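Colleague: Here you go, final39.cif (mmCIF, C-alpha atoms and all ligand atoms):
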```
data_entry
loop_
_atom_site.group_PDB
_atom_site.id
_atom_site.type_symbol
_atom_site.label_atom_id
_atom_site.label_comp_id
_atom_site.auth_asym_id
_atom_site.auth_seq_id
_atom_site.Cartn_x
_atom_site.Cartn_y
_atom_site.Cartn_z
ATOM 1 C CA MET Z 1 -23.151 9.561 -11.780
ATOM 2 C CA THR Z 2 -19.847 8.796 -13.392
ATOM 3 C CA GLU Z 3 -16.791 10.180 -11.660
ATOM 4 C CA LYS Z 4 -14.043 11.964 -13.512
ATOM 5 C CA ARG Z 5 -10.916 10.068 -14.404
ATOM 6 C CA TYR Z 6 -7.794 11.228 -12.616
ATOM 7 C CA LYS Z 7 -4.243 10.343 -13.521
ATOM 8 C CA HIS Z 8 -2.764 10.468 -10.055
ATOM 9 C CA LEU Z 9 -5.685 9.765 -7.720
ATOM 10 C CA TYR Z 10 -7.576 6.544 -7.157
ATOM 11 C CA GLY Z 11 -10.530 5.598 -5.087
ATOM 12 C CA PRO Z 12 -11.648 6.026 -2.451
ATOM 13 C CA VAL Z 13 -10.839 2.318 -2.267
ATOM 14 C CA PRO Z 14 -11.429 -0.017 0.662
ATOM 15 C CA SER Z 15 -8.230 -0.542 2.550
ATOM 16 C CA ARG Z 16 -7.718 -3.200 5.172
ATOM 17 C CA ARG Z 17 -5.910 -0.747 7.398
ATOM 18 C CA LEU Z 18 -7.372 2.666 6.584
ATOM 19 C CA GLY Z 19 -11.061 2.152 5.941
ATOM 20 C CA ARG Z 20 -11.999 4.127 2.832
ATOM 21 C CA SER Z 21 -8.851 5.615 1.400
ATOM 22 C CA LEU Z 22 -8.352 8.192 -1.344
ATOM 23 C CA GLY Z 23 -5.009 7.312 -2.861
ATOM 24 C CA ILE Z 24 -2.470 9.686 -4.337
ATOM 25 C CA ASP Z 25 -0.033 7.964 -6.607
ATOM 26 C CA LEU Z 26 3.287 9.796 -6.370
ATOM 27 C CA VAL Z 27 5.213 7.593 -8.780
ATOM 28 C CA PRO Z 28 4.252 5.902 -12.034
ATOM 29 C CA PHE Z 29 3.936 2.134 -12.287
ATOM 30 C CA LYS Z 30 6.231 0.651 -11.000
ATOM 31 C CA VAL Z 31 9.001 2.850 -9.677
ATOM 32 C CA CYS Z 32 10.304 1.361 -6.461
ATOM 33 C CA SER Z 33 13.465 0.968 -4.443
ATOM 34 C CA PHE Z 34 12.394 -2.602 -3.632
ATOM 35 C CA ASP Z 35 11.195 -5.481 -5.762
ATOM 36 C CA CYS Z 36 9.367 -7.491 -3.116
ATOM 37 C CA VAL Z 37 8.577 -11.065 -4.017
ATOM 38 C CA TYR Z 38 5.057 -10.589 -2.658
ATOM 39 C CA CYS Z 39 4.276 -7.273 -4.383
ATOM 40 C CA GLN Z 40 0.691 -7.218 -5.563
ATOM 41 C CA LEU Z 41 1.622 -4.790 -8.346
ATOM 42 C CA GLY Z 42 3.964 -7.280 -10.008
ATOM 43 C CA ARG Z 43 7.686 -6.939 -10.580
ATOM 44 C CA THR Z 44 9.424 -3.582 -10.264
ATOM 45 C CA THR Z 45 10.209 -2.098 -13.659
ATOM 46 C CA VAL Z 46 12.157 0.973 -12.509
ATOM 47 C CA HIS Z 47 14.316 -0.200 -9.628
ATOM 48 C CA THR Z 48 15.815 2.938 -8.154
ATOM 49 C CA ALA Z 49 16.616 4.802 -4.967
ATOM 50 C CA ARG Z 50 16.999 8.118 -6.817
ATOM 51 C CA ARG Z 51 14.513 10.791 -5.747
ATOM 52 C CA ASP Z 52 12.986 12.775 -8.582
ATOM 53 C CA VAL Z 53 9.807 14.514 -9.705
ATOM 54 C CA TYR Z 54 8.359 11.357 -11.222
ATOM 55 C CA VAL Z 55 4.950 12.936 -11.776
ATOM 56 C CA PRO Z 56 4.351 16.701 -11.998
ATOM 57 C CA THR Z 57 3.624 18.100 -8.544
ATOM 58 C CA GLY Z 58 1.226 20.738 -9.904
ATOM 59 C CA GLU Z 59 -0.863 18.076 -11.655
ATOM 60 C CA ILE Z 60 -1.172 16.022 -8.477
ATOM 61 C CA LEU Z 61 -2.293 18.998 -6.431
ATOM 62 C CA ALA Z 62 -4.712 20.271 -9.076
ATOM 63 C CA GLU Z 63 -6.351 16.856 -9.266
ATOM 64 C CA LEU Z 64 -6.589 16.642 -5.495
ATOM 65 C CA ALA Z 65 -8.184 20.088 -5.195
ATOM 66 C CA ASP Z 66 -10.713 19.119 -7.867
ATOM 67 C CA LYS Z 67 -11.511 15.800 -6.192
ATOM 68 C CA LEU Z 68 -11.891 17.347 -2.759
ATOM 69 C CA SER Z 69 -14.317 19.932 -4.117
ATOM 70 C CA ALA Z 70 -16.757 17.030 -4.656
ATOM 71 C CA LYS Z 71 -16.436 16.088 -0.953
ATOM 72 C CA PRO Z 72 -15.531 12.413 -1.411
ATOM 73 C CA LEU Z 73 -16.411 10.041 1.397
ATOM 74 C CA CYS Z 74 -13.087 8.916 2.772
ATOM 75 C CA ASP Z 75 -11.326 8.226 6.055
ATOM 76 C CA TYR Z 76 -7.794 8.941 4.867
ATOM 77 C CA ILE Z 77 -5.924 10.522 2.029
ATOM 78 C CA THR Z 78 -3.084 8.115 1.408
ATOM 79 C CA LEU Z 79 0.251 8.685 -0.259
ATOM 80 C CA ALA Z 80 0.977 5.340 -1.831
ATOM 81 C CA GLY Z 81 0.221 3.744 -5.142
ATOM 82 C CA SER Z 82 2.241 2.237 -7.911
ATOM 83 C CA GLY Z 83 5.634 2.123 -6.204
ATOM 84 C CA GLU Z 84 7.489 3.878 -3.386
ATOM 85 C CA PRO Z 85 5.989 7.340 -2.716
ATOM 86 C CA THR Z 86 8.993 8.768 -0.841
ATOM 87 C CA LEU Z 87 10.912 8.651 -4.124
ATOM 88 C CA HIS Z 88 8.993 11.785 -5.168
ATOM 89 C CA ARG Z 89 11.383 14.669 -4.593
ATOM 90 C CA ASP Z 90 8.590 17.177 -3.830
ATOM 91 C CA LEU Z 91 7.122 15.032 -1.087
ATOM 92 C CA GLY Z 92 7.410 17.776 1.552
ATOM 93 C CA GLN Z 93 5.670 20.313 -0.678
ATOM 94 C CA ILE Z 94 2.903 17.813 -1.456
ATOM 95 C CA VAL Z 95 2.376 16.981 2.238
ATOM 96 C CA SER Z 96 2.128 20.690 3.118
ATOM 97 C CA ALA Z 97 -0.293 21.349 0.266
ATOM 98 C CA VAL Z 98 -2.570 18.468 1.283
ATOM 99 C CA LYS Z 99 -2.641 19.754 4.852
ATOM 100 C CA GLU Z 100 -3.659 23.197 3.571
ATOM 101 C CA LEU Z 101 -6.397 21.745 1.360
ATOM 102 C CA THR Z 102 -8.189 19.479 3.806
ATOM 103 C CA ASP Z 103 -8.630 18.235 7.370
ATOM 104 C CA ILE Z 104 -8.940 14.632 6.204
ATOM 105 C CA PRO Z 105 -6.097 12.742 7.916
ATOM 106 C CA LEU Z 106 -3.085 12.059 5.734
ATOM 107 C CA ALA Z 107 -1.398 8.651 5.708
ATOM 108 C CA LEU Z 108 1.793 7.470 4.064
ATOM 109 C CA LEU Z 109 2.499 3.879 3.115
ATOM 110 C CA THR Z 110 6.215 3.408 2.616
ATOM 111 C CA ASN Z 111 8.703 0.592 2.388
ATOM 112 C CA GLY Z 112 10.891 2.634 4.746
ATOM 113 C CA SER Z 113 13.937 2.406 2.503
ATOM 114 C CA LEU Z 114 14.542 6.164 2.399
ATOM 115 C CA LEU Z 115 13.888 6.991 6.052
ATOM 116 C CA SER Z 116 17.638 7.095 6.572
ATOM 117 C CA ASP Z 117 17.584 10.308 4.495
ATOM 118 C CA PRO Z 118 16.970 13.342 6.784
ATOM 119 C CA GLU Z 119 15.226 15.179 3.924
ATOM 120 C CA VAL Z 120 12.665 12.413 3.601
ATOM 121 C CA ARG Z 121 12.053 12.311 7.347
ATOM 122 C CA SER Z 122 11.596 16.051 7.455
ATOM 123 C CA ALA Z 123 9.202 15.952 4.457
ATOM 124 C CA ILE Z 124 6.775 13.650 6.256
ATOM 125 C CA MET Z 125 6.687 15.204 9.730
ATOM 126 C CA ARG Z 126 3.160 16.563 9.149
ATOM 127 C CA VAL Z 127 1.720 13.242 7.972
ATOM 128 C CA ASP Z 128 -0.807 11.932 10.519
ATOM 129 C CA LEU Z 129 -0.105 8.241 10.145
ATOM 130 C CA VAL Z 130 2.991 6.587 8.714
ATOM 131 C CA VAL Z 131 2.939 2.900 7.828
ATOM 132 C CA PRO Z 132 6.454 1.685 7.058
ATOM 133 C CA SER Z 133 7.461 -1.921 6.455
ATOM 134 C CA LEU Z 134 9.957 -4.253 8.006
ATOM 135 C CA ASP Z 135 9.764 -7.803 6.735
ATOM 136 C CA ALA Z 136 13.130 -9.138 7.795
ATOM 137 C CA GLY Z 137 15.228 -9.561 10.894
ATOM 138 C CA ASP Z 138 18.534 -9.975 9.081
ATOM 139 C CA ALA Z 139 20.301 -8.853 5.912
ATOM 140 C CA GLU Z 140 20.015 -12.196 4.148
ATOM 141 C CA THR Z 141 16.257 -12.433 4.515
ATOM 142 C CA PHE Z 142 15.903 -8.737 3.640
ATOM 143 C CA ALA Z 143 17.690 -9.381 0.334
ATOM 144 C CA LYS Z 144 15.553 -12.444 -0.339
ATOM 145 C CA ILE Z 145 12.135 -10.938 0.325
ATOM 146 C CA ASN Z 146 12.517 -7.229 -0.512
ATOM 147 C CA ARG Z 147 15.191 -7.383 -3.247
ATOM 148 C CA PRO Z 148 16.332 -3.768 -2.633
ATOM 149 C CA CYS Z 149 18.420 -1.489 -4.855
ATOM 150 C CA PRO Z 150 22.120 -2.090 -4.147
ATOM 151 C CA GLU Z 151 22.568 1.180 -2.231
ATOM 152 C CA ILE Z 152 19.877 0.234 0.310
ATOM 153 C CA THR Z 153 21.057 -2.067 3.061
ATOM 154 C CA PHE Z 154 19.240 -3.807 5.860
ATOM 155 C CA GLN Z 155 21.212 -1.720 8.325
ATOM 156 C CA SER Z 156 20.257 1.555 6.605
ATOM 157 C CA VAL Z 157 16.565 0.614 6.767
ATOM 158 C CA VAL Z 158 16.742 -0.231 10.478
ATOM 159 C CA GLU Z 159 18.730 2.942 11.230
ATOM 160 C CA GLY Z 160 16.220 4.995 9.216
ATOM 161 C CA LEU Z 161 13.314 3.560 11.216
ATOM 162 C CA LYS Z 162 15.121 4.325 14.471
ATOM 163 C CA ALA Z 163 15.860 7.914 13.469
ATOM 164 C CA PHE Z 164 12.312 8.458 12.293
ATOM 165 C CA ARG Z 165 10.828 7.080 15.519
ATOM 166 C CA ARG Z 166 13.019 9.464 17.517
ATOM 167 C CA GLU Z 167 11.975 12.553 15.539
ATOM 168 C CA TYR Z 168 8.331 11.916 14.639
ATOM 169 C CA GLN Z 169 5.517 12.549 17.128
ATOM 170 C CA GLY Z 170 2.691 10.986 15.090
ATOM 171 C CA GLU Z 171 1.439 7.430 14.839
ATOM 172 C CA ILE Z 172 3.646 4.772 13.259
ATOM 173 C CA ARG Z 173 2.082 1.453 12.401
ATOM 174 C CA LEU Z 174 4.700 -0.991 11.247
ATOM 175 C CA GLU Z 175 3.675 -3.529 8.654
ATOM 176 C CA VAL Z 176 5.355 -6.917 8.734
ATOM 177 C CA PHE Z 177 4.629 -8.917 5.601
ATOM 178 C CA LEU Z 178 5.098 -12.635 6.104
ATOM 179 C CA VAL Z 179 5.692 -15.091 3.277
ATOM 180 C CA ALA Z 180 5.537 -18.845 3.831
ATOM 181 C CA GLY Z 181 8.955 -20.472 3.857
ATOM 182 C CA ILE Z 182 10.869 -17.162 3.695
ATOM 183 C CA ASN Z 183 10.354 -15.163 6.892
ATOM 184 C CA ASP Z 184 7.646 -17.037 8.805
ATOM 185 C CA SER Z 185 9.676 -19.260 11.115
ATOM 186 C CA ASP Z 186 9.329 -18.619 14.843
ATOM 187 C CA SER Z 187 13.033 -17.882 15.100
ATOM 188 C CA HIS Z 188 12.971 -15.343 12.302
ATOM 189 C CA VAL Z 189 9.905 -13.573 13.652
ATOM 190 C CA ARG Z 190 11.710 -13.343 17.013
ATOM 191 C CA LYS Z 191 14.570 -11.550 15.240
ATOM 192 C CA ILE Z 192 12.090 -9.052 13.792
ATOM 193 C CA LYS Z 193 10.536 -8.677 17.239
ATOM 194 C CA ALA Z 194 13.939 -7.796 18.769
ATOM 195 C CA ILE Z 195 14.288 -4.890 16.305
ATOM 196 C CA ILE Z 196 10.704 -3.791 16.872
ATOM 197 C CA ASP Z 197 11.245 -3.742 20.642
ATOM 198 C CA GLU Z 198 14.352 -1.641 20.257
ATOM 199 C CA ILE Z 199 12.577 0.960 18.122
ATOM 200 C CA GLY Z 200 9.049 0.992 19.562
ATOM 201 C CA PHE Z 201 6.062 1.392 17.263
ATOM 202 C CA ASP Z 202 2.482 2.324 18.058
ATOM 203 C CA HIS Z 203 1.149 -0.779 16.407
ATOM 204 C CA ILE Z 204 2.339 -3.769 14.391
ATOM 205 C CA GLU Z 205 0.226 -5.023 11.499
ATOM 206 C CA ILE Z 206 0.842 -8.482 10.152
ATOM 207 C CA ASN Z 207 0.032 -9.087 6.550
ATOM 208 C CA THR Z 208 0.445 -11.917 4.086
ATOM 209 C CA ALA Z 209 -0.030 -12.545 0.379
ATOM 210 C CA THR Z 210 -3.786 -12.532 -0.099
ATOM 211 C CA ARG Z 211 -3.528 -10.956 -3.551
ATOM 212 C CA PRO Z 212 -1.638 -12.340 -6.538
ATOM 213 C CA PRO Z 213 2.083 -11.714 -5.821
ATOM 214 C CA ALA Z 214 4.984 -10.759 -8.102
ATOM 215 C CA GLU Z 215 6.462 -14.222 -7.710
ATOM 216 C CA GLU Z 216 4.310 -17.314 -7.650
ATOM 217 C CA TYR Z 217 6.440 -18.858 -4.939
ATOM 218 C CA ALA Z 218 5.508 -16.039 -2.521
ATOM 219 C CA ARG Z 219 2.838 -18.035 -0.745
ATOM 220 C CA ALA Z 220 0.496 -16.846 1.986
ATOM 221 C CA VAL Z 221 0.997 -17.902 5.584
ATOM 222 C CA ASP Z 222 -2.153 -19.655 6.783
ATOM 223 C CA ALA Z 223 -4.424 -17.929 9.256
ATOM 224 C CA GLU Z 224 -3.635 -20.181 12.210
ATOM 225 C CA ARG Z 225 0.111 -19.668 11.827
ATOM 226 C CA LEU Z 226 -0.321 -15.917 11.347
ATOM 227 C CA HIS Z 227 -2.110 -15.711 14.668
ATOM 228 C CA HIS Z 228 0.621 -17.748 16.329
ATOM 229 C CA LEU Z 229 3.309 -15.404 14.910
ATOM 230 C CA CYS Z 230 1.221 -12.424 15.946
ATOM 231 C CA LYS Z 231 1.509 -13.568 19.560
ATOM 232 C CA ILE Z 232 5.300 -13.690 19.220
ATOM 233 C CA LEU Z 233 5.264 -10.087 18.015
ATOM 234 C CA GLY Z 234 3.525 -9.009 21.188
ATOM 235 C CA PRO Z 235 0.361 -7.375 22.484
ATOM 236 C CA ASN Z 236 0.355 -4.409 20.102
ATOM 237 C CA ALA Z 237 0.488 -6.654 17.026
ATOM 238 C CA SER Z 238 -2.560 -7.707 15.042
ATOM 239 C CA VAL Z 239 -3.296 -9.575 11.867
ATOM 240 C CA ILE Z 240 -4.867 -7.197 9.379
ATOM 241 C CA ALA Z 241 -8.406 -8.471 9.046
ATOM 242 C CA ALA Z 242 -10.338 -8.472 5.805
ATOM 243 C CA HIS Z 243 -12.077 -5.158 5.412
ATOM 244 C CA ALA Z 244 -15.781 -4.934 6.016
ATOM 245 C CA LEU Z 245 -17.134 -1.550 5.122
ATOM 246 C CA PRO Z 246 -20.766 -0.628 5.280
ATOM 247 C CA SER Z 247 -22.419 0.380 2.055
ATOM 248 C CA GLU Z 248 -23.173 3.940 3.071
ATOM 249 C CA ARG Z 249 -24.139 5.277 -0.303
ATOM 250 C CA ALA Z 250 -24.960 3.625 -3.532
ATOM 251 C CA GLY Z 251 -24.370 5.180 -6.909
ATOM 252 C CA ALA Z 252 -23.859 4.269 -10.523
ATOM 253 C CA VAL Z 253 -20.438 3.273 -11.664
ATOM 254 C CA SER Z 254 -18.907 3.127 -15.129
ATOM 255 C CA ARG Z 255 -16.759 0.559 -16.868
ATOM 256 C CA ASP Z 256 -13.975 3.162 -16.967
ATOM 257 C CA ASP Z 257 -14.135 3.523 -13.171
ATOM 258 C CA ILE Z 258 -13.639 -0.218 -12.823
ATOM 259 C CA LEU Z 259 -10.805 -0.325 -15.359
ATOM 260 C CA ALA Z 260 -9.083 2.562 -13.549
ATOM 261 C CA MET Z 261 -9.390 0.769 -10.222
ATOM 262 C CA LEU Z 262 -8.190 -2.577 -11.574
ATOM 263 C CA GLY Z 263 -5.327 -0.776 -13.306
ATOM 264 C CA ARG Z 264 -3.981 -0.017 -9.834
ATOM 265 C CA ARG Z 265 -4.302 -3.427 -8.280
ATOM 266 C CA PRO Z 266 -6.232 -6.689 -8.589
ATOM 267 C CA CYS Z 267 -9.610 -6.537 -6.813
ATOM 268 C CA THR Z 268 -12.523 -8.798 -5.991
ATOM 269 C CA ILE Z 269 -16.073 -7.838 -6.922
ATOM 270 C CA ASP Z 270 -16.634 -6.830 -3.298
ATOM 271 C CA ASP Z 271 -13.560 -4.566 -3.434
ATOM 272 C CA VAL Z 272 -14.944 -2.909 -6.562
ATOM 273 C CA ALA Z 273 -18.390 -2.431 -5.027
ATOM 274 C CA GLU Z 274 -17.005 -0.971 -1.820
ATOM 275 C CA GLY Z 275 -14.315 1.133 -3.461
ATOM 276 C CA LEU Z 276 -16.602 2.629 -6.061
ATOM 277 C CA ASN Z 277 -19.539 2.851 -3.731
ATOM 278 C CA CYS Z 278 -21.983 0.896 -5.843
ATOM 279 C CA HIS Z 279 -24.223 -2.136 -5.386
ATOM 280 C CA ARG Z 280 -22.465 -5.466 -5.529
ATOM 281 C CA TRP Z 281 -24.703 -6.678 -8.336
ATOM 282 C CA GLU Z 282 -23.787 -3.636 -10.403
ATOM 283 C CA ALA Z 283 -20.081 -4.281 -9.886
ATOM 284 C CA ALA Z 284 -20.590 -7.974 -10.700
ATOM 285 C CA LYS Z 285 -22.476 -7.158 -13.904
ATOM 286 C CA LEU Z 286 -19.838 -4.746 -15.235
ATOM 287 C CA VAL Z 287 -16.920 -6.936 -14.149
ATOM 288 C CA GLY Z 288 -18.643 -9.830 -15.962
ATOM 289 C CA GLN Z 289 -18.996 -7.785 -19.151
ATOM 290 C CA LEU Z 290 -15.358 -6.658 -19.067
ATOM 291 C CA THR Z 291 -14.244 -10.247 -18.482
ATOM 292 C CA GLU Z 292 -16.315 -11.514 -21.419
ATOM 293 C CA GLU Z 293 -14.808 -8.846 -23.630
ATOM 294 C CA GLY Z 294 -11.324 -9.962 -22.579
ATOM 295 C CA LYS Z 295 -10.428 -6.558 -21.099
ATOM 296 C CA ILE Z 296 -9.866 -8.011 -17.646
ATOM 297 C CA ILE Z 297 -9.044 -11.486 -16.424
ATOM 298 C CA PRO Z 298 -9.841 -13.298 -13.192
ATOM 299 C CA GLU Z 299 -7.291 -15.100 -11.066
ATOM 300 C CA ARG Z 300 -8.375 -17.464 -8.304
ATOM 301 C CA ARG Z 301 -6.481 -16.989 -5.058
ATOM 302 C CA ASN Z 302 -7.334 -18.025 -1.505
ATOM 303 C CA ASP Z 303 -10.799 -19.060 -2.681
ATOM 304 C CA LYS Z 304 -11.537 -15.623 -4.093
ATOM 305 C CA ASP Z 305 -11.597 -14.317 -7.653
ATOM 306 C CA TYR Z 306 -9.364 -11.289 -8.190
ATOM 307 C CA TYR Z 307 -9.754 -9.334 -11.419
ATOM 308 C CA GLN Z 308 -6.974 -7.470 -13.166
ATOM 309 C CA ILE Z 309 -6.370 -5.719 -16.449
ATOM 310 C CA LYS Z 310 -5.330 -8.135 -19.164
ATOM 311 C CA GLY Z 311 -1.666 -7.714 -20.014
ATOM 312 C CA GLU Z 312 -0.724 -6.289 -16.599
ATOM 313 C CA THR Z 313 -0.086 -9.628 -14.929
HETATM 314 S S1 LIG Z 401 5.409 -4.159 -2.065
HETATM 315 FE FE1 LIG Z 401 5.751 -1.960 -2.008
HETATM 316 S S2 LIG Z 401 7.921 -1.804 -1.573
HETATM 317 FE FE2 LIG Z 401 7.605 -3.876 -2.265
HETATM 318 S S3 LIG Z 401 7.997 -3.798 -4.466
HETATM 319 FE FE3 LIG Z 401 5.782 -3.502 -4.172
HETATM 320 S S4 LIG Z 401 5.531 -1.309 -4.151
HETATM 321 FE FE4 LIG Z 401 7.709 -1.704 -3.793
#
```
Translate the structure of the given file into structure tokens.
Ligand code: SF4
Modeller:
Amino acid sequence: MTEKRYKHLYGPVPSRRLGRSLGIDLVPFKVCSFDCVYCQLGRTTVHTARRDVYVPTGEILAELADKLSAKPLCDYITLAGSGEPTLHRDLGQIVSAVKELTDIPLALLTNGSLLSDPEVRSAIMRVDLVVPSLDAGDAETFAKINRPCPEITFQSVVEGLKAFRREYQGEIRLEVFLVAGINDSDSHVRKIKAIIDEIGFDHIEINTATRPPAEEYARAVDAERLHHLCKILGPNASVIAAHALPSERAGAVSRDDILAMLGRRPCTIDDVAEGLNCHRWEAAKLVGQLTEEGKIIPERRNDKDYYQIKGET
């Protein structure tokens, strides 16, 4: 069975932190208030902190209602995608509509840059799980790793996180993305830890560049060092482990499904099989065909082959 193509939804895809996640893309590629050196989507093309209706709200909600009518197997509906989702001006309306449509928990992945805006904080009060980022313990490192829009400062991000923690009753898992040689020294991680301790999060997730980054120099921190840094961040910190989802259902998948998935982010064959709920051999066969035809290209990273759409590197 071939699934319909949606413009603003993707997946369910396997997510290292959320299990099987049905993504809602609230901004087009790649509208973001940051231009992180490690971004797996590549460099930011629309670098902005201006909130707007980047994709029509009605279209997003109509697609979601249609998708949910087919009862997709997923653990979370996730507001994320091809940039920073809180830039969508109708975020509050979208959150409310999702909560009306389904009981599936709603997650938000955000770079946290707009949490200093009370409207944004109020828009996401009904989200079940918020995963903001904090990759730096000082303004200099923040500028180096996240390359924010000029109006976003390190201080405004930290203040936004503090205000959000005070007002929001749900779960906040902070992601700390570590890049070798930029923010992975013991002393720098201690600076991040001091901010974390002041704010108080439910959980800290430590990530590193396991997918092709925007900048080649954004290298992964090796596993041993990540675990060492994890200890510095304290008992509620963990390194995000590679996902391992059971193959609960198996179905046919089309070349278009794979192209749509790879259009969002580079994936391994296992990612494709798990995300599209098909046998690994079927994913491998179709990925092989698309590679031979030059529609997608592989890139070797951390001993794994990631596939991406040709021309989107
Ligand atoms: S990692 Fe997230 S916040 Fe950073 S540039 Fe990419 S989409 Fe934006």
Colleague: Hey, which of Z:Asn236, Z:Thr110, Z:Thr48, Z:Ser96 ends up closest to ligand LIG 401 (chain Z)? Count all atoms listed in the file.
Modeller: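 Of all the options, Z:Thr110 lies closest to ligand LIG 401 (chain Z).
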Colleague: Could you work out how far CA of Leu106 (chain Z) lies from CA of Asp128 (chain Z), giving the answer in Å with one decimal?
Modeller: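 Between CA of Asp128 (chain Z) and CA of Leu106 (chain Z) the gap works out to 5.3 Å.
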Colleague: Name the residues captured by the PyMOL selection byres (((chain Z and resi 63) around 10) and not hetatm) when it is applied to the shown file; answer as a list in words.
Modeller: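 What the PyMOL selection byres (((chain Z and resi 63) around 10) and not hetatm) grabs from the file is Arg5, Tyr6, Lys7, His8, Leu9, Ile24, Gly58, Glu59, Ile60, Leu61, Ala62, Leu64, Ala65, Asp66, Lys67, Leu68 and Ser69 of chain Z.
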Colleague: Let me have all residues with an atom within 6 Å of ligand LIG 401 (chain Z), counting all atoms listed in the file, laid out as a VMD selection string.
Modeller: chain Z and resid 32 34 to 36 39 44 83 to 84 111
Colleague: So what do you get for CA of Pro105 (chain Z) versus CA of Ile240 (chain Z), distance-wise?
Modeller: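 CA of Ile240 (chain Z) lies 20.0 Å from CA of Pro105 (chain Z).
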Colleague: Of the residues Z:Ser238, Z:Asp222, Z:Glu100, Z:Arg264, which is the one nearest to Ala80 (chain Z), using all atoms listed in the file?
Modeller: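 Distance minimum relative to Ala80 (chain Z) lands on Z:Arg264.
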Colleague: Within 9 Å of Asp186 (chain Z), counting all atoms listed in the file, which residues show up once you throw out same-chain ones fewer than 4 positions away? Write them as a CSV table (one decimal) with C-alpha atoms, in the coordinates of the input, please.
Modeller:
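Writing the result to result_0.csv gives the following:
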```csv
chain,number,residue,atom,x,y,z
Z,190,ARG,CA,11.7,-13.3,17.0
Z,191,LYS,CA,14.6,-11.6,15.2
Z,228,HIS,CA,0.6,-17.7,16.3
Z,229,LEU,CA,3.3,-15.4,14.9
Z,232,ILE,CA,5.3,-13.7,19.2
```
Colleague: On this structure, which residues satisfy the PyMOL selection byres (((chain Z and resi 146) around 12) and not hetatm), written as a ChimeraX atom specification?
Modeller: /Z:32-39,43-44,47,111-113,133-145,147-150,152-154,157,176-179,182-183,214-215,218
Colleague: List as an mmCIF file with C-alpha atoms, keeping the file's coordinate frame the residues having at least one atom at most 12 Å from position (20.6, 4.1, 6.4) as given in the file, counting all atoms listed in the file.
Modeller:
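Contents of selection_17.cif, freshly written:
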```
data_model
loop_
_atom_site.group_PDB
_atom_site.id
_atom_site.type_symbol
_atom_site.label_atom_id
_atom_site.label_comp_id
_atom_site.auth_asym_id
_atom_site.auth_seq_id
_atom_site.Cartn_x
_atom_site.Cartn_y
_atom_site.Cartn_z
ATOM 1 C CA GLY Z 112 10.891 2.634 4.746
ATOM 2 C CA SER Z 113 13.937 2.406 2.503
ATOM 3 C CA LEU Z 114 14.542 6.164 2.399
ATOM 4 C CA LEU Z 115 13.888 6.991 6.052
ATOM 5 C CA SER Z 116 17.638 7.095 6.572
ATOM 6 C CA ASP Z 117 17.584 10.308 4.495
ATOM 7 C CA PRO Z 118 16.970 13.342 6.784
ATOM 8 C CA VAL Z 120 12.665 12.413 3.601
ATOM 9 C CA ARG Z 121 12.053 12.311 7.347
ATOM 10 C CA GLU Z 151 22.568 1.180 -2.231
ATOM 11 C CA ILE Z 152 19.877 0.234 0.310
ATOM 12 C CA THR Z 153 21.057 -2.067 3.061
ATOM 13 C CA PHE Z 154 19.240 -3.807 5.860
ATOM 14 C CA GLN Z 155 21.212 -1.720 8.325
ATOM 15 C CA SER Z 156 20.257 1.555 6.605
ATOM 16 C CA VAL Z 157 16.565 0.614 6.767
ATOM 17 C CA VAL Z 158 16.742 -0.231 10.478
ATOM 18 C CA GLU Z 159 18.730 2.942 11.230
ATOM 19 C CA GLY Z 160 16.220 4.995 9.216
ATOM 20 C CA LEU Z 161 13.314 3.560 11.216
ATOM 21 C CA LYS Z 162 15.121 4.325 14.471
ATOM 22 C CA ALA Z 163 15.860 7.914 13.469
ATOM 23 C CA PHE Z 164 12.312 8.458 12.293
#
```
Colleague: Nearest to Arg173 (chain Z): which of Z:Leu87, Z:Ala209, Z:Ile297, Z:Leu18 is it, counting only C-alpha atoms?
Modeller: Z:Leu18
Colleague: I need the residue nearest Arg255 (chain Z) from this list: Z:Val221, Z:Lys304, Z:Ala237, Z:Glu293. Use all atoms listed in the file for the distance.
Modeller: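 Once distances to Arg255 (chain Z) are computed over all atoms listed in the file, the minimum belongs to Z:Glu293.
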Colleague: Any chance you could resolve the PyMOL selection byres (((chain Z and resi 17) around 12) and not hetatm) against this file and give the residues as a tab-separated table (two decimals) with C-alpha atoms, keeping the file's coordinate frame?
Modeller:
```tsv
chain	number	residue	atom	x	y	z
Z	13	VAL	CA	-10.84	2.32	-2.27
Z	14	PRO	CA	-11.43	-0.02	0.66
Z	15	SER	CA	-8.23	-0.54	2.55
Z	16	ARG	CA	-7.72	-3.20	5.17
Z	18	LEU	CA	-7.37	2.67	6.58
Z	19	GLY	CA	-11.06	2.15	5.94
Z	20	ARG	CA	-12.00	4.13	2.83
Z	21	SER	CA	-8.85	5.62	1.40
Z	75	ASP	CA	-11.33	8.23	6.06
Z	76	TYR	CA	-7.79	8.94	4.87
Z	78	THR	CA	-3.08	8.12	1.41
Z	107	ALA	CA	-1.40	8.65	5.71
Z	108	LEU	CA	1.79	7.47	4.06
Z	109	LEU	CA	2.50	3.88	3.12
Z	129	LEU	CA	-0.10	8.24	10.14
Z	130	VAL	CA	2.99	6.59	8.71
Z	131	VAL	CA	2.94	2.90	7.83
Z	173	ARG	CA	2.08	1.45	12.40
Z	174	LEU	CA	4.70	-0.99	11.25
Z	175	GLU	CA	3.68	-3.53	8.65
Z	203	HIS	CA	1.15	-0.78	16.41
Z	204	ILE	CA	2.34	-3.77	14.39
Z	205	GLU	CA	0.23	-5.02	11.50
Z	206	ILE	CA	0.84	-8.48	10.15
Z	207	ASN	CA	0.03	-9.09	6.55
Z	238	SER	CA	-2.56	-7.71	15.04
Z	239	VAL	CA	-3.30	-9.57	11.87
Z	240	ILE	CA	-4.87	-7.20	9.38
Z	241	ALA	CA	-8.41	-8.47	9.05
Z	242	ALA	CA	-10.34	-8.47	5.80
Z	243	HIS	CA	-12.08	-5.16	5.41
Z	244	ALA	CA	-15.78	-4.93	6.02
Z	245	LEU	CA	-17.13	-1.55	5.12
```
